[in-house]
>>> print(open('input.cif').read())   # mmCIF, C-alpha atoms
data_input
#
loop_
_atom_site.label_atom_id
_atom_site.label_comp_id
_atom_site.auth_asym_id
_atom_site.auth_seq_id
_atom_site.Cartn_x
_atom_site.Cartn_y
_atom_site.Cartn_z
CA MET B 1163 21.01 -14.72 39.93
CA PRO B 1164 17.79 -13.58 38.25
CA SER B 1165 18.16 -12.05 34.83
CA THR B 1166 19.02 -8.36 34.81
CA ASP B 1167 17.95 -7.40 31.29
CA PRO B 1168 14.45 -6.01 31.96
CA PHE B 1169 14.24 -2.58 30.53
CA ARG B 1170 14.93 -0.49 27.50
CA PRO B 1171 18.53 0.67 27.84
CA LEU B 1172 19.63 4.19 27.07
CA THR B 1173 21.34 3.17 23.85
CA ASP B 1174 18.33 1.54 22.17
CA ASP B 1175 17.34 4.99 20.96
CA PHE B 1176 20.49 5.14 18.80
CA ALA B 1177 20.49 1.58 17.42
CA ASP B 1178 19.80 2.55 13.78
CA GLU B 1179 22.45 5.29 13.68
CA ALA B 1180 25.06 3.13 15.43
CA GLY B 1181 24.34 0.27 13.02
CA ALA B 1182 24.75 2.56 10.00
CA LEU B 1183 28.07 3.83 11.38
CA ARG B 1184 29.28 0.28 12.00
CA LEU B 1185 28.59 -0.68 8.38
CA ALA B 1186 30.10 2.51 6.93
CA LEU B 1187 33.33 2.30 8.94
CA GLY B 1188 33.63 -1.43 8.37
CA ARG B 1189 33.29 -0.91 4.62
CA ALA B 1190 35.93 1.84 4.65
CA LEU B 1191 38.39 -0.29 6.61
CA THR B 1192 37.98 -3.31 4.35
CA VAL B 1193 38.66 -1.11 1.30
CA VAL B 1194 42.15 -0.25 2.54
CA LEU B 1195 42.96 -3.31 4.71
CA ASP B 1196 42.91 -7.07 4.26
CA GLU B 1197 39.73 -8.20 5.99
CA GLN B 1198 41.49 -11.17 7.61
CA LEU B 1199 44.01 -8.85 9.25
CA LEU B 1200 41.51 -6.64 11.05
CA SER B 1201 42.86 -6.04 14.54
CA SER B 1202 43.41 -2.84 16.51
CA ARG B 1203 47.18 -3.16 16.08
CA VAL B 1204 46.94 -3.68 12.30
CA ILE B 1205 44.49 -0.79 11.91
CA ALA B 1206 46.73 1.54 13.90
CA ASN B 1207 49.93 0.53 12.06
CA ARG B 1208 48.48 0.54 8.54
CA LEU B 1209 46.67 3.87 8.95
CA GLY B 1210 49.32 5.61 11.05
CA LEU B 1211 46.98 6.05 14.03
CA ASP B 1212 47.73 5.70 17.72
CA LYS B 1213 46.64 2.49 19.45
CA THR B 1214 43.64 4.16 21.13
CA LEU B 1215 42.13 5.19 17.80
CA GLY B 1216 42.99 1.79 16.34
CA TRP B 1217 41.05 0.12 19.17
CA ALA B 1218 38.13 2.55 18.71
CA CYS B 1219 37.95 1.77 15.00
CA LEU B 1220 37.87 -1.96 15.67
CA ARG B 1221 35.13 -1.66 18.31
CA VAL B 1222 32.90 0.65 16.29
CA ALA B 1223 33.29 -1.40 13.09
CA THR B 1224 32.83 -4.89 14.54
CA VAL B 1225 30.83 -4.82 17.80
CA HIS B 1226 27.07 -5.13 17.37
CA ASP B 1227 26.19 -4.02 20.91
CA VAL B 1228 25.02 -0.41 20.67
CA LYS B 1229 26.13 0.65 24.14
CA ALA B 1230 29.64 -0.72 23.62
CA THR B 1231 29.81 1.14 20.32
CA LEU B 1232 28.82 4.46 21.87
CA ILE B 1233 31.29 4.10 24.73
CA ALA B 1234 34.08 3.50 22.19
CA LEU B 1235 33.22 6.49 19.94
CA PRO B 1236 36.17 8.78 19.16
CA GLY B 1237 35.79 12.53 19.65
CA ARG B 1238 35.61 15.04 16.82
CA ARG B 1239 39.38 15.32 16.47
CA GLY B 1240 39.69 11.55 16.53
CA TRP B 1241 37.20 11.13 13.71
CA ALA B 1242 39.01 13.79 11.68
CA LYS B 1243 42.30 11.85 12.04
CA ILE B 1244 40.60 8.58 11.06
CA GLN B 1245 38.96 10.07 7.96
CA LYS B 1246 42.19 11.73 6.87
CA ALA B 1247 44.12 8.48 7.37
CA LEU B 1248 41.56 6.49 5.35
CA GLN B 1249 41.74 9.03 2.51
CA LYS B 1250 45.54 8.89 2.53
CA ALA B 1251 45.40 5.08 2.46
CA GLY B 1252 43.38 5.15 -0.78
CA CYS B 1253 39.76 4.91 0.34
CA ASP B 1254 37.42 6.08 -2.46
CA GLU B 1255 35.36 9.26 -2.19
CA ALA B 1256 31.94 7.55 -2.16
CA THR B 1257 32.89 5.33 0.78
CA LEU B 1258 34.38 8.29 2.66
CA ALA B 1259 31.25 10.34 2.02
CA ALA B 1260 29.04 7.55 3.38
CA LEU B 1261 31.22 7.35 6.50
CA ALA B 1262 31.11 11.12 7.02
CA ASP B 1263 27.32 11.08 6.70
CA ALA B 1264 26.99 8.27 9.27
CA ILE B 1265 29.28 10.08 11.72
CA THR B 1266 27.33 13.34 11.37
CA THR B 1267 23.94 11.64 11.73
CA LEU B 1268 24.86 9.89 14.99
CA ARG B 1269 26.63 12.96 16.40
CA THR B 1270 23.55 15.10 15.66
CA ARG B 1271 21.25 12.63 17.43
CA LEU B 1272 23.52 12.59 20.49
CA ASP B 1273 23.79 16.38 20.53
CA ASP B 1274 20.01 16.77 20.26
CA ALA B 1275 19.58 14.47 23.25
CA GLN B 1276 22.29 16.37 25.19
CA ILE B 1277 24.28 13.15 25.61
CA ASP B 1278 28.01 13.76 25.66
CA ARG B 1279 30.86 11.28 25.87
CA ASP B 1280 31.29 11.78 29.62
CA ALA B 1281 27.66 10.87 30.19
CA LEU B 1282 28.00 7.69 28.13
CA ARG B 1283 31.00 6.72 30.20
CA ALA B 1284 29.38 7.57 33.52
CA ILE B 1285 28.25 4.01 34.17
CA ALA B 1286 31.77 2.84 33.38
CA ALA B 1287 33.23 4.78 36.31
CA GLY B 1288 35.21 2.41 38.50
CA THR B 1289 34.81 1.76 42.19
CA PRO B 1290 35.41 5.05 43.97
CA GLY B 1291 38.44 5.13 46.20
CA ASP B 1292 39.91 8.40 47.47
CA ALA B 1293 37.93 11.60 47.93
CA ASP B 1294 38.78 12.94 44.46
CA GLU B 1295 37.59 9.72 42.79
CA ILE B 1296 34.38 9.73 44.82
CA ASP B 1297 33.66 13.34 43.85
CA ARG B 1298 34.45 12.64 40.20
CA ASP B 1299 32.22 9.56 40.21
CA LEU B 1300 29.32 11.51 41.74
CA ARG B 1301 29.70 14.37 39.23
CA LEU B 1302 29.59 11.91 36.34
CA ARG B 1303 26.51 10.18 37.71
CA ARG B 1304 24.77 13.51 38.33
CA ARG B 1305 25.47 14.58 34.76
CA PHE B 1306 24.26 11.25 33.43
CA PHE B 1307 21.04 11.59 35.47
CA THR B 1308 20.39 15.04 33.99
CA ASN B 1309 21.01 13.81 30.46
CA ALA B 1310 18.90 10.67 30.90
CA ARG B 1311 16.03 12.70 32.34
CA LEU B 1312 16.10 15.06 29.36
CA MET B 1313 16.34 12.31 26.77
CA TRP B 1314 13.84 9.83 28.21
CA GLY B 1315 11.57 12.54 29.58
CA VAL B 1316 10.91 10.76 32.88
CA SER B 1317 12.46 10.83 36.35
CA ALA B 1318 11.75 10.33 40.05
CA LYS B 1319 12.89 12.26 43.09
CA ALA B 1320 13.50 9.08 45.10
CA VAL B 1321 13.23 5.31 44.64
CA VAL B 1322 13.10 3.11 47.74
CA ALA B 1323 13.56 -0.65 47.26
CA THR B 1324 13.26 -3.10 50.14
CA HIS B 1325 13.64 -6.81 50.75
CA LEU B 1326 12.33 -8.05 54.09
CA LEU B 1327 13.42 -11.58 55.06
CA ALA B 1328 12.54 -13.85 57.97
CA PRO B 1329 12.87 -17.59 58.65
CA ARG B 1330 9.68 -19.52 58.04
CA PRO B 1331 8.16 -20.77 61.31
CA ARG B 1332 8.93 -24.45 61.94
CA ASP B 1333 10.72 -24.85 58.58
CA ALA B 1334 14.47 -24.41 58.87
CA GLU B 1335 15.13 -24.59 55.11
CA ARG B 1336 12.75 -21.87 53.94
CA LEU B 1337 12.27 -18.10 54.24
CA ASP B 1338 9.31 -15.77 54.10
CA ALA B 1339 10.01 -12.54 52.23
CA ALA B 1340 8.47 -9.27 51.15
CA SER B 1341 9.52 -7.24 48.12
CA LEU B 1342 8.61 -3.56 48.50
CA GLN B 1343 9.06 -0.43 46.41
CA VAL B 1344 8.20 3.24 46.86
CA VAL B 1345 8.68 5.55 43.87
CA HIS B 1346 8.27 9.19 44.90
CA GLY B 1347 8.01 12.24 42.66
CA LEU B 1348 7.45 10.59 39.28
CA GLU B 1349 7.55 13.29 36.65
CA ARG B 1350 7.24 13.69 32.89
CA HIS B 1351 9.50 16.29 31.29
CA HIS B 1352 8.28 15.89 27.71
CA GLU B 1353 6.05 13.63 25.66
CA GLY B 1354 7.15 10.03 25.29
CA PRO B 1355 6.00 6.41 25.43
CA PRO B 1356 4.86 4.90 28.76
CA TRP B 1357 7.83 4.06 30.98
CA THR B 1358 7.98 0.67 32.71
CA PHE B 1359 9.14 1.26 36.28
CA HIS B 1360 7.92 -1.74 38.29
CA TYR B 1361 8.30 -5.48 37.68
CA PRO B 1362 6.69 -8.20 39.82
CA ALA B 1363 8.77 -10.11 42.32
CA SER B 1364 9.90 -13.64 41.46
CA HIS B 1365 11.97 -16.24 43.22
CA ARG B 1366 14.06 -19.35 42.83
CA PRO B 1367 15.86 -21.39 45.50
CA GLY B 1368 18.23 -19.01 47.28
CA GLU B 1369 17.13 -15.96 45.27
CA ILE B 1370 14.54 -13.21 45.14
CA GLY B 1371 14.40 -10.51 42.50
CA PRO B 1372 12.30 -8.83 39.82
CA GLY B 1373 10.39 -11.12 37.45
CA PHE B 1374 11.45 -9.89 34.04
CA ARG B 1375 10.90 -12.97 31.95
CA GLY B 1376 7.83 -14.68 33.30
CA ASP B 1377 9.64 -16.28 36.22
CA GLU B 1378 7.60 -17.98 38.92
CA PRO B 1379 5.32 -15.26 40.26
CA SER B 1380 5.09 -14.39 43.91
CA ARG B 1381 2.12 -15.15 46.10
CA SER B 1382 0.40 -11.93 47.09
CA ALA B 1383 -0.59 -11.75 50.74
CA GLY B 1384 -3.06 -8.87 50.61
CA MET B 1385 -1.20 -6.04 52.33
CA GLY B 1386 -3.95 -3.59 51.32
CA LEU B 1387 -3.47 -4.35 47.61
CA GLY B 1388 -5.90 -3.00 45.05
CA THR B 1389 -7.42 -4.81 42.12
CA GLU B 1390 -4.19 -4.54 40.11
CA GLY B 1391 -1.98 -6.89 42.11
CA PRO B 1392 0.99 -5.38 43.94
CA LEU B 1393 0.05 -1.70 43.63
CA ILE B 1394 -1.02 -0.57 47.11
CA GLU B 1395 -3.59 2.06 46.30
CA ASP B 1396 -4.24 3.48 49.76
CA LEU B 1397 -0.52 4.29 50.20
CA SER B 1398 -0.05 5.62 46.65
CA SER B 1399 -1.19 8.99 45.34
CA PRO B 1400 -5.00 9.05 45.09
CA GLY B 1401 -6.39 8.05 41.71
CA ILE B 1402 -3.10 7.28 39.94
CA LEU B 1403 -4.19 3.89 38.60
CA GLY B 1404 -5.52 4.05 35.06
CA ASP B 1405 -4.50 7.55 33.98
CA GLU B 1406 -1.00 8.04 35.37
CA VAL B 1407 0.06 4.47 36.19
CA VAL B 1408 -1.09 1.61 33.97
CA ALA B 1409 -0.85 -2.16 34.58
CA VAL B 1410 0.24 -4.02 31.44
CA SER B 1411 0.16 -7.81 31.08
CA ARG B 1412 2.37 -9.33 28.39
CA LYS B 1413 3.20 -12.89 27.46
CA ARG B 1414 6.47 -13.10 25.59
CA ARG B 1415 7.44 -15.76 23.09
CA GLY B 1416 8.55 -18.99 24.73
CA GLU B 1417 7.12 -18.12 28.15
CA SER B 1418 4.45 -20.11 29.93
CA ARG B 1419 2.69 -17.21 31.64
CA PRO B 1420 2.31 -13.47 31.21
CA VAL B 1421 4.15 -10.87 33.29
CA THR B 1422 2.24 -7.86 34.64
CA THR B 1423 4.33 -4.71 34.79
CA PHE B 1424 3.45 -1.14 35.72
CA GLU B 1425 4.09 1.83 33.44
CA PHE B 1426 4.13 5.55 34.14
CA ALA B 1427 2.12 7.23 31.38
CA ASN B 1428 1.90 10.87 32.39
CA ARG B 1429 1.17 13.21 35.27
CA ARG B 1430 -2.37 14.56 35.38
CA PRO B 1431 -2.45 18.32 34.68
CA ASP B 1432 -4.65 18.93 37.72
CA ARG B 1433 -2.37 17.12 40.17
CA ARG B 1434 -0.47 19.41 42.52
CA ASP B 1435 1.20 16.88 44.84
CA PRO B 1436 4.14 14.65 43.81
CA VAL B 1437 3.14 11.36 42.18
CA ARG B 1438 3.87 8.44 44.52
CA ALA B 1439 3.47 4.75 43.63
CA VAL B 1440 3.81 2.07 46.33
CA PHE B 1441 4.15 -1.66 45.66
CA GLY B 1442 4.31 -4.68 47.94
CA GLU B 1443 4.38 -8.45 47.48
CA VAL B 1444 4.88 -11.28 49.93
CA ILE B 1445 6.49 -14.59 48.99
CA GLU B 1446 6.19 -17.47 51.43
CA GLY B 1447 8.39 -20.53 51.65
CA ILE B 1448 11.42 -19.63 49.53
CA GLU B 1449 14.15 -22.25 49.73
CA ALA B 1450 16.99 -20.64 51.69
CA GLY B 1451 19.68 -22.60 49.85
CA ALA B 1452 21.10 -26.07 49.54
CA PRO B 1453 20.10 -28.02 52.70
CA GLU B 1454 23.57 -29.51 52.98
CA ALA B 1455 25.30 -26.12 52.83
CA SER B 1456 26.45 -24.23 55.90
CA ALA B 1457 25.57 -20.53 55.91
CA ALA B 1458 24.56 -20.66 52.25
CA PRO B 1459 24.40 -17.33 50.38
CA PHE B 1460 20.97 -15.90 49.64
CA ILE B 1461 20.81 -13.37 46.80
CA ALA B 1462 18.35 -10.46 46.65
CA THR B 1463 18.32 -8.17 43.61
CA HIS B 1464 16.56 -4.95 42.62
CA ALA B 1465 16.77 -3.36 39.17
CA ASN B 1466 16.96 0.43 38.90
CA THR B 1467 14.63 1.20 35.99
CA VAL B 1468 14.01 4.95 36.30
CA PRO B 1469 16.40 7.94 36.46
CA THR B 1470 16.26 9.09 40.07
CA SER B 1471 17.95 11.65 42.30
CA VAL B 1472 18.52 9.03 44.99
CA LEU B 1473 18.14 5.26 45.33
CA VAL B 1474 17.60 3.89 48.83
CA TYR B 1475 17.99 0.13 49.28
CA ASP B 1476 16.89 -1.36 52.61
CA LEU B 1477 17.69 -4.95 53.44
CA VAL B 1478 15.45 -5.74 56.42
CA LEU B 1479 16.55 -8.93 58.18
CA HIS B 1480 14.85 -10.77 61.01
CA GLU B 1481 16.96 -11.08 64.15
CA ASP B 1482 17.17 -14.86 63.68
CA LEU B 1483 18.95 -14.31 60.35
CA LEU B 1484 21.67 -11.99 61.64
CA ASP B 1485 25.11 -13.37 60.94
CA PRO B 1486 28.46 -12.16 62.33
CA ALA B 1487 29.42 -11.34 58.73
CA PRO B 1488 27.27 -8.39 57.59
CA PRO B 1489 25.50 -8.60 54.22
CA THR B 1490 27.35 -7.30 51.20
CA VAL B 1491 25.66 -4.92 48.78
CA GLU B 1492 26.87 -4.16 45.27
CA LEU B 1493 25.61 -1.95 42.48
CA VAL B 1494 26.18 -3.69 39.15
CA ALA B 1495 26.11 -1.36 36.15
CA ALA B 1496 25.84 -3.02 32.74
CA VAL B 1497 28.17 -1.62 30.09
CA ASP B 1498 27.41 -4.05 27.27
CA ARG B 1499 26.33 -7.65 26.86
CA ASN B 1500 29.71 -8.97 27.88
CA THR B 1501 30.83 -6.43 30.47
CA SER B 1502 29.52 -5.34 33.84
CA LEU B 1503 31.18 -3.10 36.38
CA GLN B 1504 30.56 -3.43 40.10
CA TYR B 1505 30.48 -0.71 42.71
CA ARG B 1506 31.05 -2.45 46.05
CA LEU B 1507 29.12 -0.12 48.28
CA ARG B 1508 31.03 0.56 51.47
CA LEU B 1509 29.54 -0.98 54.60
CA GLU B 1510 30.59 2.02 56.68
CA ASP B 1511 28.15 4.05 54.59
CA GLN B 1512 25.29 1.75 55.55
CA LEU B 1513 22.84 2.48 58.31
CA ALA B 1514 22.32 -0.65 60.43
CA LEU B 1515 19.70 -0.14 63.14
CA PRO B 1516 17.02 -2.27 64.82
CA LEU B 1517 13.55 -1.22 63.74
CA GLY B 1518 12.40 -1.38 67.36
CA ARG B 1519 14.99 1.21 68.45
CA THR B 1520 13.84 4.10 70.62
CA GLY B 1521 15.71 7.24 71.57
CA PRO B 1522 16.94 10.48 69.99
CA GLY B 1523 17.69 10.86 66.32
CA PRO B 1524 15.67 9.96 63.22
CA ALA B 1525 13.70 6.74 63.13
CA PRO B 1526 15.47 3.94 61.21
CA LEU B 1527 13.03 4.08 58.28
CA THR B 1528 13.18 7.86 57.78
CA LEU B 1529 13.80 8.61 54.10
CA PRO B 1530 15.99 11.34 52.57
CA ARG B 1531 14.38 14.76 52.20
CA THR B 1532 14.03 14.25 48.46
CA ALA B 1533 11.34 11.67 49.27
CA GLY B 1534 9.12 14.41 50.70
CA ASP B 1535 6.35 13.12 52.96
CA SER B 1536 6.84 9.45 52.03
CA SER B 1537 8.61 8.48 55.28
CA SER B 1538 5.38 7.83 57.19
CA VAL B 1539 3.99 5.88 54.23
CA TYR B 1540 7.14 3.79 54.10
CA ARG B 1541 7.04 2.95 57.81
CA GLU B 1542 3.44 1.83 57.39
CA LEU B 1543 4.43 -0.29 54.37
CA VAL B 1544 7.21 -2.11 56.24
CA GLY B 1545 4.91 -2.67 59.22
CA ARG B 1546 2.29 -4.25 56.96
CA ALA B 1547 4.90 -6.45 55.31
CA ALA B 1548 6.15 -7.75 58.67
CA ALA B 1549 2.59 -8.42 59.85
CA ALA B 1550 1.75 -10.23 56.60
CA ILE B 1551 4.32 -12.91 57.44
CA GLY B 1552 3.29 -13.09 61.08
CA ARG B 1553 6.06 -10.90 62.51
CA ASP B 1554 6.44 -7.59 64.29
CA ALA B 1555 8.63 -4.86 62.82
CA SER B 1556 10.58 -4.61 66.09
CA GLU B 1557 12.07 -8.07 65.38
CA PHE B 1558 14.03 -6.79 62.36
CA MET B 1559 17.28 -4.99 61.66
CA VAL B 1560 17.58 -2.69 58.66
CA PHE B 1561 20.75 -2.45 56.56
CA ARG B 1562 20.44 0.68 54.43
CA THR B 1563 22.44 1.72 51.38
CA VAL B 1564 21.93 5.17 49.81
CA VAL B 1565 23.14 5.84 46.24
CA PRO B 1566 22.78 9.41 44.90
CA HIS B 1567 22.11 9.54 41.15
CA PRO B 1568 22.55 5.77 40.54
CA PRO B 1569 23.85 4.80 37.09
CA MET B 1570 21.36 3.57 34.52
CA PRO B 1571 20.81 0.74 33.90
CA SER B 1572 22.00 -0.91 37.11
CA THR B 1573 21.01 -3.55 39.63
CA ILE B 1574 21.41 -3.72 43.39
CA VAL B 1575 22.72 -7.14 44.45
CA ALA B 1576 22.66 -8.05 48.15
CA THR B 1577 24.25 -11.24 49.47
CA ILE B 1578 23.15 -12.59 52.86
CA ARG B 1579 24.64 -15.57 54.65
CA VAL B 1580 21.75 -17.81 55.69
CA ASP B 1581 22.21 -20.90 57.89
CA PRO B 1582 19.55 -23.37 56.72
CA GLY B 1583 20.06 -25.35 59.89
CA THR B 1584 18.72 -22.63 62.18
CA GLU B 1585 15.08 -23.36 62.94
CA SER B 1586 12.62 -20.77 64.13
CA VAL B 1587 9.71 -21.94 66.28
CA ALA B 1588 8.02 -18.55 66.46
#
>>> encode(input="input.cif", output="structure tokens")
Amino acid sequence: MPSTDPFRPLTDDFADEAGALRLALGRALTVVLDEQLLSSRVIANRLGLDKTLGWACLRVATVHDVKATLIALPGRRGWAKIQKALQKAGCDEATLAALADAITTLRTRLDDAQIDRDALRAIAAGTPGDADEIDRDLRLRRRFFTNARLMWGVSAKAVVATHLLAPRPRDAERLDAASLQVVHGLERHHEGPPWTFHYPASHRPGEIGPGFRGDEPSRSAGMGLGTEGPLIEDLSSPGILGDEVVAVSRKRRGESRPVTTFEFANRRPDRRDPVRAVFGEVIEGIEAGAPEASAAPFIATHANTVPTSVLVYDLVLHEDLLDPAPPTVELVAAVDRNTSLQYRLRLEDQLALPLGRTGPGPAPLTLPRTAGDSSSVYRELVGRAAAAIGRDASEFMVFRTVVPHPPMPSTIVATIRVDPGTESVA
């Protein structure tokens, strides 16, 4: 699976304060405990704390990942118990004062950013089950969205991500694909650095996803693209390139080629309509999977890199790729470097309709109301993508997943069963 570490996580803003707290608590614990015996059980027993606070002490004092540290932070009462226990165990006043200062500094930063403990744990909410759990999960994600928008100062009303896949004509082992994105209602809430919100598509055998680390770039097929690669200017808000949206090319250490990303700088004061940015890339001839495999899995990923009211993910499959087993779609939310939690999005919540369908009801590519007038733009985008690989939109089926207030950071992962032995002669 392509790497999913593309963007500045929420917790990078608190790295210095979390590091200072880790050192201060670690120093206090080693004053009153044997360093070799540091474990949550030993900390709890020696300091007279419950096992939850013992575990929190161990995580905060030893884990270098900032996000994991913040998730493990005790509350105000918990810190008071820890400080009192350390004092009772013989910790000196200077060490206790340094710890108190580190606690206060981090707490003040979190309070200023309106980030509470529930918000930090929002992405750690488990897979929703019954109605109460679903409601609780949505409330947490909504709160986290509000907090992230206030802290980062950027948000979108809707993000639409699409992968369109079709078998390559007269080549049974390869696929043609399009990677599309519509970001509607980009907004700045306060001053801040430019926000990276689009990464180029990349691919490997059996995979398509965002190119974070200079992976093999896609081949652009035109699709009405402007001079800046995948940004489709005639479908985006007029005049956004240069002032509001900026293309940035960077070559990172150890990489053979630069990666061009797109950043949202600011909304022009004279703009009255919502800011919309539309991207499209076509990749031809992706290896579908191992030739000897039967119905090999093909993985498509999309990284959610901007706080948004709603994330719409459309997996648009050609009729020759339809398998009796429907595709699976998961939302993977990173908690720390070693932990990820998966929301298996329920298939009964997915819209699965042929794009050539006629009759009453909304068209298959109609977007939620939060996307404003972007539905017609999106239908045009998908039509162009299909035409760019020599297909008609009516030949495809769309599998749609809608996620209100998606956790940040997170990645959509779709798994499709592809039979490399099925040859298209279209």
>>> resolve_selection(input="input.cif", expression="the PyMOL selection byres ((chain B and resi 1325) around 7)", output="PyMOL selection string")
chain B and resi 1324+1326-1327+1339-1342+1476-1478
>>> resolve_selection(input="input.cif", expression="the PyMOL selection byres ((chain B and resi 1236) around 12)", output="JSON, numbers by chain")
{"B": [1214, 1215, 1216, 1217, 1218, 1219, 1220, 1221, 1222, 1231, 1232, 1233, 1234, 1235, 1237, 1238, 1239, 1240, 1241, 1242, 1243, 1244, 1245, 1265, 1269, 1278, 1279, 1280]}
>>> write_last_selection(input="input.cif", atoms="C-alpha atoms", output="mmCIF file, in the frame of the given file")
data_model
loop_
_atom_site.group_PDB
_atom_site.id
_atom_site.type_symbol
_atom_site.label_atom_id
_atom_site.label_comp_id
_atom_site.auth_asym_id
_atom_site.auth_seq_id
_atom_site.Cartn_x
_atom_site.Cartn_y
_atom_site.Cartn_z
ATOM 1 C CA THR B 1214 43.640 4.160 21.130
ATOM 2 C CA LEU B 1215 42.130 5.190 17.800
ATOM 3 C CA GLY B 1216 42.990 1.790 16.340
ATOM 4 C CA TRP B 1217 41.050 0.120 19.170
ATOM 5 C CA ALA B 1218 38.130 2.550 18.710
ATOM 6 C CA CYS B 1219 37.950 1.770 15.000
ATOM 7 C CA LEU B 1220 37.870 -1.960 15.670
ATOM 8 C CA ARG B 1221 35.130 -1.660 18.310
ATOM 9 C CA VAL B 1222 32.900 0.650 16.290
ATOM 10 C CA THR B 1231 29.810 1.140 20.320
ATOM 11 C CA LEU B 1232 28.820 4.460 21.870
ATOM 12 C CA ILE B 1233 31.290 4.100 24.730
ATOM 13 C CA ALA B 1234 34.080 3.500 22.190
ATOM 14 C CA LEU B 1235 33.220 6.490 19.940
ATOM 15 C CA GLY B 1237 35.790 12.530 19.650
ATOM 16 C CA ARG B 1238 35.610 15.040 16.820
ATOM 17 C CA ARG B 1239 39.380 15.320 16.470
ATOM 18 C CA GLY B 1240 39.690 11.550 16.530
ATOM 19 C CA TRP B 1241 37.200 11.130 13.710
ATOM 20 C CA ALA B 1242 39.010 13.790 11.680
ATOM 21 C CA LYS B 1243 42.300 11.850 12.040
ATOM 22 C CA ILE B 1244 40.600 8.580 11.060
ATOM 23 C CA GLN B 1245 38.960 10.070 7.960
ATOM 24 C CA ILE B 1265 29.280 10.080 11.720
ATOM 25 C CA ARG B 1269 26.630 12.960 16.400
ATOM 26 C CA ASP B 1278 28.010 13.760 25.660
ATOM 27 C CA ARG B 1279 30.860 11.280 25.870
ATOM 28 C CA ASP B 1280 31.290 11.780 29.620
#
>>> closest_residue(input="input.cif", among="B:Ile1205, B:Leu1484, B:Ala1439, B:Ala1495", to="Phe1558 in chain B", atoms="all atoms listed in the file")
B:Leu1484
>>> closest_residue(input="input.cif", among="B:Ile1574, B:Val1421, B:Val1564, B:Val1228", to="Asp1178 in chain B", atoms="all atoms listed in the file")
B:Val1228
>>> atom_distance(input="input.cif", atom1="CA of Arg1305 in chain B", atom2="CA of Ala1576 in chain B")
26.4 Å
>>> resolve_selection(input="input.cif", expression="the PyMOL selection byres ((chain B and resi 1186) around 10)", output="PyMOL selection string")
chain B and resi 1180-1185+1187-1191+1222-1223+1257-1265
>>> atom_distance(input="input.cif", atom1="CA of Met1570 in chain B", atom2="CA of Leu1529 in chain B")
21.6 Å
>>> residues_around(input="input.cif", residues="range 1353-1357 of chain B", least_positions_apart="4", cutoff="9 Å", atoms="all atoms listed in the file", output="list in words")
Trp1314, Gly1315, Val1316, Val1407, Val1408, Phe1424, Glu1425, Phe1426, Ala1427, Asn1428, Thr1467 and Val1468 of chain B
>>> residues_near_point(input="input.cif", point="(16.2, 5.3, 46.1)", cutoff="8 Å", atoms="all atoms listed in the file", output="PyMOL selection string")
chain B and resi 1320-1323+1345+1470-1475+1564-1566
>>> axis_aligned_box(input="input.cif", around="range 1438-1444 of chain B", padding_each_side="8 Å", output="AutoDock Vina command-line options")
--center_x 4.2 --center_y -1.4 --center_z 46.8 --size_x 17.4 --size_y 35.7 --size_z 22.3
